[in-house]
Structures are given as structure tokens and as C-alpha cells.
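Trainee: First the structure, then my questions, so here it is.
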Amino acid sequence: MKKIIFTGCLLLTCVSMTAQSQQLRYRQQPFQTDTVMTHDPVMAFEDGTYYLLSTGHGVQWATSKDRKTWTVQPTPFIKDIPQWTQDSVPGFKTHVWAPDIIRKDGLWWLAYSCSTFGKNTSAIGLMASERFSGPWRDCGPIVCSKGGRDEWNAIDPCFIVDDGGTPWLTWGSFWDGIQLARLDHTMHLASKPVTIARRVALRDTLKAEPNPTSKYAGRNAIEAPFIFCHGGYYYLLVSWDYCCRGAKSTYRVAVGRSKTVGGPYLDRKGKDMRQGGGTILIEGDKQEFEAMGHCAAYHVAEGDDLFICHGYSTKMKGAALLVQRRITWTADGWPELR
């Protein structure tokens with residue numbers, strides 16, 4: 001189960017950053033804002049401070065005491081990007097995508113995506129630290145994908161710990177959709193990936209709408225999974241359609257649920273998400289936001305659940321802003337946003 005505050009696992013395989021790591025240095029000063037520009041946000045909490053991590057050079061980050069006023073930090077969260085990332089993913093340098101973070105067995109674990117736009121030669125890296133403030137240690141890749149070899153894309157990670165304390169990782173963007181695998185105590189893969197959600201079957205992707213963001217990318221328009229546990233169910237949140245096009249973005253979030261973390265995940269009508277199922281949870285209203293997606297969800301207090309994502313602002317010409325909504329639950333156990 002994923003929460004703002006977690007319980008966790010021993011670090012066995014992490015090593016120090018090498019001198020060959022790509023170093024990032026910024027000179028700006030921190031600044032405060034109540035309108036955070038962010039992409040692919042996730043959140044953590046430690047010692048009275050909320051931490052917001054998102055896509056950016058070395059991972060963009062901000063801090064807050066109340067989730068209203070945020071201090072945007074000028075330096076990247078990952079100051080030293082390991083050399084293996086560039087060796088594994090040709091063309092990748094410092095622009096890290098879609099991180100996720102969890103606390104398990106006394107350690108913070110950070111997963112981050114290394115890729116180039118529209119291609120599925122990618123890697124999900126892993127770092128760990130006893131304290132959120134660091135020092136952070138490189139633990140190598142959790143999983144890698146290679147174009148022409150794998151029918152999935154190793155980006156957009158999300159950790160989930162099941163009711164028995166076993167950690168899992170879900171990830172995926174386009175190609176054959178959303179993947180899930182069990183992790184071992186070092187937070188590396190302990191099982192083969194399986195597909196738990198897609199828009200269309202892999203054999204039918206050539207019949208799907210061409211991807212407007214890249215001629216190289218897959219056509220299975222689903223990505224950014226997040227699994228959240230509530231009331232005896234695991235809820236799989238995914239983003240449908242297209243991000244990263246400003247005001248032309250068409251992102252929206254769909255949901256299904258399962259009694260077990262491995263699925264099958266069914267929508268409110270009972271359709272399997274592996275067969276294109278999914279119930280829309282949030283989408284652009286065309287007044288405040290053109291589109292919304294790449295979400296996360298947390299238990300922030302007793303009986304208080306939080307949904308976050310980024311939304312493409314209508315008034316700000318498609319700028320990606322932090323969206324926060326309170327989750328309420330229907331009588332039959334489905335999430336709604338307030």
C-alpha cells in the first residue's frame with residue numbers, strides 16, 4: 001500500500017556515485033509560489049515537510065509545509081546522474097522523467113526514468129537514502145527496455161507494497177501498455193513483467209490512431225500507472241491519450257480496481273483494463289485545464305486521501321501546473337475527486 005509515510009526494507013546492492021557521473025550545477029535562488037509548474041508529480045513527507053518531485057533536469061523539486069505555498073528549489077534533486085544511464089540509453093543526458101518515491105524498511109527509495117522522446121530504449125534507475133535530505137546512493141537500474149527487443153517501455157515507474165509487505169513495480173508507456181513485476185528486498189525485479197492494462201491489443205496497434213507526438217512512438221495511448229490501495233481493493237490509475245503538447249494535450253486519467261495487486265483490474269462496468277477497460281476519473285474541463293494526467297494518490301491523514309497530477313492550464317497557454325484534489329469514495333467503493 002502506498003502512503004505519504006511508509007514502512008520499509010534493507011539496502012544491500014547500492015553503491016556510491018562514481019566520479020564519472022554527470023554533474024549538474026544551477027545558480028538560481030529558491031523562490032516561493034502558490035502556482036507550481038510541474039510535470040509528472042509525485043509527493044513525499046518527512047519531518048513536517050512535503051516534497052514534490054517531478055520531471056526535469058536531474059529531477060525538479062519543491063518543498064512546502066502546507067501544500068499551498070511551495071518553495072521551488074533551484075538545484076536538481078539528483079545532483080550526480082550515474083554514467084550507466086547514458087551508456088544504457090543513447091541520447092539520454094540529464095533530463096530525467098517521471099520519478100517515484102517510497103519509504104520502505106527505514107529507507108527512501110527513488111525510481112526515475114531515463115529515455116529519449118518516442119523511443120523505448122529506456123531504463124528505470126534506483127537510488128536509496130536513509131534520510132530524504134541524503135546522501136543518496138546509486139543502486140543501478142531496476143529494469144531496462146530495448147527497442148526491437150521489448151514490447152514495452154521502461155519509464156513511468158510506480159512502487160506499490162501489497163498487504164503482505166511485498167514490493168512491486170508498475171510502469172509503462174505506449175507499446176504493449178502497463179507492466180507489473182514483483183520486486184525483491186533490494187527493490188530489483190524478482191519476476192517477469194506482465195501486462196495489466198492496455199488500450200488495444202498489441203496485434204491491433206497499427207490500426208490505432210497514429211501517435212501525434214512522435215513517428216517512432218507506439219500507438220497504444222496509455223501510460224503513467226499508479227496503484228493505490230483503499231478498502232480492500234487495489235486501484236490502478238492510468239493516463240490515456242497524449243501529454244506534452246501544451247494546450248493541444250489530450251491527457252485524462254482512467255481507473256480500474258482489483259482485489260489483488262496482480263489484477264485483473266476491472267472498470268465500473270466490469271471491463272478488463274487489459275482489454276481497453278477503464279473508467280474516466282478526471283479530464284480537462286476546457287475552462288481551467290485543457291487536459292490533466294500523470295497522477296499519484298496518497299493517504300495524507302486519517303480518512304483524508306489526496307490525488308495529484310499535472311494539468312495543462314487554459315489561461316496560461318498550456319503550461320503544466322500542479323493539480324491537487326481531495327478523493328472521496330462512493331458507496332460501492334469508487335473514487336471521486338473534489
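Residues are referred to by chain and number: the chain letter is A, B, ... according to the order shown in the C-alpha cells, the number counts from 1 in that chain, and ligands are numbered separately from 1 in the order shown.
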Write down as a VMD selection string the residues of segment 5-160 of chain A whose backbone DSSP state falls under alpha helix (DSSP H).
Mentor: chain A and resid 83 to 88
Trainee: Those selected residues, please, written with N, CA, C and O atoms and delivered as a short mmCIF file (atom, residue, chain, number, x, y, z; two decimals), in the first residue's frame.
Mentor:
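Writing done, so here's part-v5.cif:
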data_model
loop_
_atom_site.label_atom_id
_atom_site.label_comp_id
_atom_site.auth_asym_id
_atom_site.auth_seq_id
_atom_site.Cartn_x
_atom_site.Cartn_y
_atom_site.Cartn_z
N GLN A 83 26.81 7.44 -14.70
CA GLN A 83 27.26 7.26 -16.08
C GLN A 83 26.53 6.11 -16.77
O GLN A 83 26.30 6.14 -17.98
N TRP A 84 26.12 5.10 -16.01
CA TRP A 84 25.47 3.94 -16.64
C TRP A 84 24.20 4.33 -17.37
O TRP A 84 23.80 3.66 -18.33
N THR A 85 23.54 5.42 -16.94
CA THR A 85 22.30 5.83 -17.59
C THR A 85 22.55 6.22 -19.04
O THR A 85 21.78 5.86 -19.94
N GLN A 86 23.63 6.93 -19.29
CA GLN A 86 23.97 7.34 -20.65
C GLN A 86 24.51 6.18 -21.47
O GLN A 86 24.28 6.11 -22.68
N ASP A 87 25.19 5.25 -20.81
CA ASP A 87 25.68 4.07 -21.51
C ASP A 87 24.52 3.17 -21.94
O ASP A 87 24.56 2.55 -22.99
N SER A 88 23.48 3.12 -21.11
CA SER A 88 22.35 2.24 -21.38
C SER A 88 21.33 2.84 -22.34
O SER A 88 20.65 2.11 -23.07
#
Trainee: For segment 61-73 of chain A, list every protein, DNA or RNA residue within 6 Å, evaluated using only C-alpha atoms, and leave out those in the same chain fewer than 5 positions away; present the list as number ranges by chain.
Mentor: A: 30-34, 49-53
Trainee: Please produce a file of those selected residues containing N, CA, C and O atoms, as a compact mmCIF listing (two decimals), in the first residue's frame.
Mentor:
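Ended up saving to selection31.txt:
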# COMPACT_ATOMS: atom_id res chain seq x y z
N PRO A 30 16.20 29.83 -4.62
CA PRO A 30 14.86 29.30 -4.40
C PRO A 30 13.83 30.42 -4.47
O PRO A 30 14.14 31.58 -4.17
N PHE A 31 12.60 30.09 -4.86
CA PHE A 31 11.54 31.10 -4.85
C PHE A 31 10.23 30.44 -4.45
O PHE A 31 10.04 29.23 -4.62
N GLN A 32 9.33 31.24 -3.89
CA GLN A 32 8.06 30.72 -3.40
C GLN A 32 6.94 31.05 -4.37
O GLN A 32 6.94 32.09 -5.03
N THR A 33 5.97 30.12 -4.45
CA THR A 33 4.84 30.30 -5.34
C THR A 33 3.66 29.47 -4.85
O THR A 33 3.85 28.47 -4.16
N ASP A 34 2.46 29.90 -5.19
CA ASP A 34 1.28 29.07 -4.93
C ASP A 34 0.77 28.43 -6.21
O ASP A 34 -0.26 27.76 -6.21
N THR A 49 7.55 18.33 6.43
CA THR A 49 7.72 18.96 5.12
C THR A 49 7.23 18.04 4.02
O THR A 49 7.54 16.85 4.01
N TYR A 50 6.46 18.60 3.09
CA TYR A 50 6.07 17.90 1.88
C TYR A 50 7.11 18.15 0.80
O TYR A 50 7.59 19.29 0.63
N TYR A 51 7.45 17.10 0.07
CA TYR A 51 8.39 17.20 -1.04
C TYR A 51 7.67 16.83 -2.33
O TYR A 51 7.01 15.79 -2.41
N LEU A 52 7.80 17.68 -3.32
CA LEU A 52 7.20 17.45 -4.63
C LEU A 52 8.31 17.20 -5.63
O LEU A 52 9.18 18.05 -5.83
N LEU A 53 8.33 16.01 -6.24
CA LEU A 53 9.33 15.66 -7.24
C LEU A 53 8.65 15.52 -8.59
O LEU A 53 7.53 15.03 -8.69
Trainee: How would you write, as a PyMOL selection string, the set of residues in segment 4-157 of chain A that DSSP gives as strand (DSSP E)?
Mentor: chain A and resi 22-23+31-33+42-46+49-54+56-57+60-64+70-72+80-81+95-104+107-114+122-129+137-145
Trainee: Excluding segment 334-336 of chain A and any residue of its chain fewer than 5 positions from it, enumerate the residues within 9 Å of it, using only C-alpha atoms, and give them as a list in words.
Mentor: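 That gives Tyr235, Val255, Gly256, Arg257, Arg268, Leu281, Ile282, Arg326, Ile327, Thr328 and Trp329 of chain A.
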Trainee: Okay, now the selection with N, CA and C atoms, as a PDB file, in the first residue's frame?
Mentor:
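Okay, this is what ended up in selection.pdb:
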ATOM      1  N   TYR A 235      -6.403   0.041  -6.638  1.00  0.00           N
ATOM      2  CA  TYR A 235      -6.926   0.873  -7.721  1.00  0.00           C
ATOM      3  C   TYR A 235      -5.782   1.235  -8.664  1.00  0.00           C
ATOM      4  N   VAL A 255      -9.462   4.693 -14.376  1.00  0.00           N
ATOM      5  CA  VAL A 255      -9.234   3.860 -13.207  1.00  0.00           C
ATOM      6  C   VAL A 255      -9.939   2.518 -13.353  1.00  0.00           C
ATOM      7  N   GLY A 256      -9.328   1.500 -12.768  1.00  0.00           N
ATOM      8  CA  GLY A 256      -9.945   0.193 -12.580  1.00  0.00           C
ATOM      9  C   GLY A 256      -9.479  -0.341 -11.232  1.00  0.00           C
ATOM     10  N   ARG A 257     -10.039  -1.445 -10.785  1.00  0.00           N
ATOM     11  CA  ARG A 257      -9.644  -1.962  -9.477  1.00  0.00           C
ATOM     12  C   ARG A 257      -9.602  -3.487  -9.480  1.00  0.00           C
ATOM     13  N   ARG A 268     -15.715   0.195 -13.805  1.00  0.00           N
ATOM     14  CA  ARG A 268     -17.017   0.159 -13.118  1.00  0.00           C
ATOM     15  C   ARG A 268     -18.047  -0.684 -13.860  1.00  0.00           C
ATOM     16  N   LEU A 281     -11.689   9.166 -14.520  1.00  0.00           N
ATOM     17  CA  LEU A 281     -11.692   9.786 -13.206  1.00  0.00           C
ATOM     18  C   LEU A 281     -11.587  11.309 -13.300  1.00  0.00           C
ATOM     19  N   ILE A 282     -10.741  11.798 -14.202  1.00  0.00           N
ATOM     20  CA  ILE A 282     -10.588  13.242 -14.386  1.00  0.00           C
ATOM     21  C   ILE A 282     -10.095  13.510 -15.804  1.00  0.00           C
ATOM     22  N   ARG A 326      -9.110  16.447  -3.490  1.00  0.00           N
ATOM     23  CA  ARG A 326      -9.456  15.513  -2.423  1.00  0.00           C
ATOM     24  C   ARG A 326     -10.204  14.332  -3.022  1.00  0.00           C
ATOM     25  N   ILE A 327      -9.860  13.111  -2.589  1.00  0.00           N
ATOM     26  CA  ILE A 327     -10.556  11.914  -3.038  1.00  0.00           C
ATOM     27  C   ILE A 327     -11.673  11.597  -2.056  1.00  0.00           C
ATOM     28  N   THR A 328     -12.885  11.423  -2.572  1.00  0.00           N
ATOM     29  CA  THR A 328     -13.983  10.870  -1.788  1.00  0.00           C
ATOM     30  C   THR A 328     -14.352   9.532  -2.420  1.00  0.00           C
ATOM     31  N   TRP A 329     -15.153   8.743  -1.696  1.00  0.00           N
ATOM     32  CA  TRP A 329     -15.435   7.390  -2.146  1.00  0.00           C
ATOM     33  C   TRP A 329     -16.941   7.157  -2.211  1.00  0.00           C
TER      34      TRP A 329
END
Trainee: Using only C-alpha atoms, find the one residue out of A:Met292, A:Ile308, A:Ala224, A:Ile101 that sits nearest to Phe174 of chain A.
Mentor: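 Of all the options, A:Ala224 lies closest to Phe174 of chain A.
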Trainee: For Asp162 of chain A, which residue out of A:Val261, A:Cys295, A:Cys309, A:Ala98 is the nearest one, using only C-alpha atoms?
Mentor: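 Counting only C-alpha atoms, the residue closest to Asp162 of chain A is A:Val261.
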Trainee: Quick one: everything within 6 Å of Pro157 of chain A, counting only C-alpha atoms, minus sequence neighbours fewer than 2 positions away in the same chain. Send it as a short mmCIF file (atom, residue, chain, number, x, y, z; two decimals) with N, CA and C atoms, in the first residue's frame.
Mentor:
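What ended up in result.cif:
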data_model
loop_
_atom_site.label_atom_id
_atom_site.label_comp_id
_atom_site.auth_asym_id
_atom_site.auth_seq_id
_atom_site.Cartn_x
_atom_site.Cartn_y
_atom_site.Cartn_z
N ILE A 155 9.66 3.22 -18.57
CA ILE A 155 9.57 4.55 -17.97
C ILE A 155 8.31 4.61 -17.11
N THR A 170 5.13 -1.08 -11.01
CA THR A 170 4.38 -0.99 -12.26
C THR A 170 4.96 0.16 -13.07
N TRP A 171 4.92 0.03 -14.38
CA TRP A 171 5.50 1.05 -15.26
C TRP A 171 4.89 0.90 -16.65
#
Trainee: Measuring between only C-alpha atoms, which one of A:Asp272, A:Ser122, A:Thr166, A:Arg198 shows the shortest distance to Leu183 of chain A?
Mentor: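 That would be A:Thr166, the residue with the smallest distance to Leu183 of chain A.
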Trainee: When distances are computed from only C-alpha atoms, which of A:Cys139, A:Asp241, A:His230, A:Pro99 shows the smallest separation from Pro210 of chain A?
Mentor: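 Smallest distance to Pro210 of chain A is found for A:Asp241.
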Trainee: Residues at most 12 Å from Ala297 of chain A, counting only C-alpha atoms, excluding those fewer than 6 positions away in the same chain, as a PyMOL selection string?
Mentor: chain A and resi 1-4+41-44+100+158-160+225-230+234-238+255+304-309+323-328+335+337
Trainee: Would you mind exporting C-alpha atoms of the selected residues as a PDB file, in the first residue's frame?
Mentor:
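As a result, part-v2.pdb now contains:
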ATOM      1  CA  MET A   1       0.000   0.000   0.000  1.00  0.00           C
ATOM      2  CA  LYS A   2       1.384   3.414  -0.931  1.00  0.00           C
ATOM      3  CA  LYS A   3       1.145   6.271   1.531  1.00  0.00           C
ATOM      4  CA  ILE A   4       2.846   9.597   2.205  1.00  0.00           C
ATOM      5  CA  PRO A  41       4.433  14.994  -9.980  1.00  0.00           C
ATOM      6  CA  VAL A  42       4.826  12.667  -7.004  1.00  0.00           C
ATOM      7  CA  MET A  43       4.955  13.571  -3.340  1.00  0.00           C
ATOM      8  CA  ALA A  44       6.650  12.533  -0.100  1.00  0.00           C
ATOM      9  CA  ASP A 100       8.507   7.910  -7.963  1.00  0.00           C
ATOM     10  CA  CYS A 158       5.363   3.404  -9.538  1.00  0.00           C
ATOM     11  CA  PHE A 159       6.148   1.413  -6.388  1.00  0.00           C
ATOM     12  CA  ILE A 160       3.401  -0.457  -4.571  1.00  0.00           C
ATOM     13  CA  PRO A 225       0.397   3.924 -13.919  1.00  0.00           C
ATOM     14  CA  PHE A 226      -0.180   4.468 -10.230  1.00  0.00           C
ATOM     15  CA  ILE A 227      -1.586   1.832  -7.850  1.00  0.00           C
ATOM     16  CA  PHE A 228      -3.382   2.991  -4.697  1.00  0.00           C
ATOM     17  CA  CYS A 229      -4.943   0.786  -2.009  1.00  0.00           C
ATOM     18  CA  HIS A 230      -8.260   1.509  -0.327  1.00  0.00           C
ATOM     19  CA  TYR A 234      -6.035  -2.006  -5.391  1.00  0.00           C
ATOM     20  CA  TYR A 235      -6.926   0.873  -7.721  1.00  0.00           C
ATOM     21  CA  LEU A 236      -4.937   1.221 -10.933  1.00  0.00           C
ATOM     22  CA  LEU A 237      -4.828   4.803 -12.226  1.00  0.00           C
ATOM     23  CA  VAL A 238      -3.518   5.335 -15.761  1.00  0.00           C
ATOM     24  CA  VAL A 255      -9.234   3.860 -13.207  1.00  0.00           C
ATOM     25  CA  ASP A 304      -8.264  12.030   4.011  1.00  0.00           C
ATOM     26  CA  ASP A 305      -6.988  10.896   0.613  1.00  0.00           C
ATOM     27  CA  LEU A 306      -5.195  13.128  -1.886  1.00  0.00           C
ATOM     28  CA  PHE A 307      -4.991  12.979  -5.691  1.00  0.00           C
ATOM     29  CA  ILE A 308      -2.346  14.983  -7.572  1.00  0.00           C
ATOM     30  CA  CYS A 309      -1.493  15.327 -11.248  1.00  0.00           C
ATOM     31  CA  VAL A 323      -3.354  19.953  -9.554  1.00  0.00           C
ATOM     32  CA  GLN A 324      -4.479  18.752  -6.099  1.00  0.00           C
ATOM     33  CA  ARG A 325      -7.895  17.211  -5.439  1.00  0.00           C
ATOM     34  CA  ARG A 326      -9.456  15.513  -2.423  1.00  0.00           C
ATOM     35  CA  ILE A 327     -10.556  11.914  -3.038  1.00  0.00           C
ATOM     36  CA  THR A 328     -13.983  10.870  -1.788  1.00  0.00           C
ATOM     37  CA  PRO A 335     -13.029   7.208  -6.155  1.00  0.00           C
ATOM     38  CA  LEU A 337     -12.483  13.929  -6.937  1.00  0.00           C
TER      39      LEU A 337
END
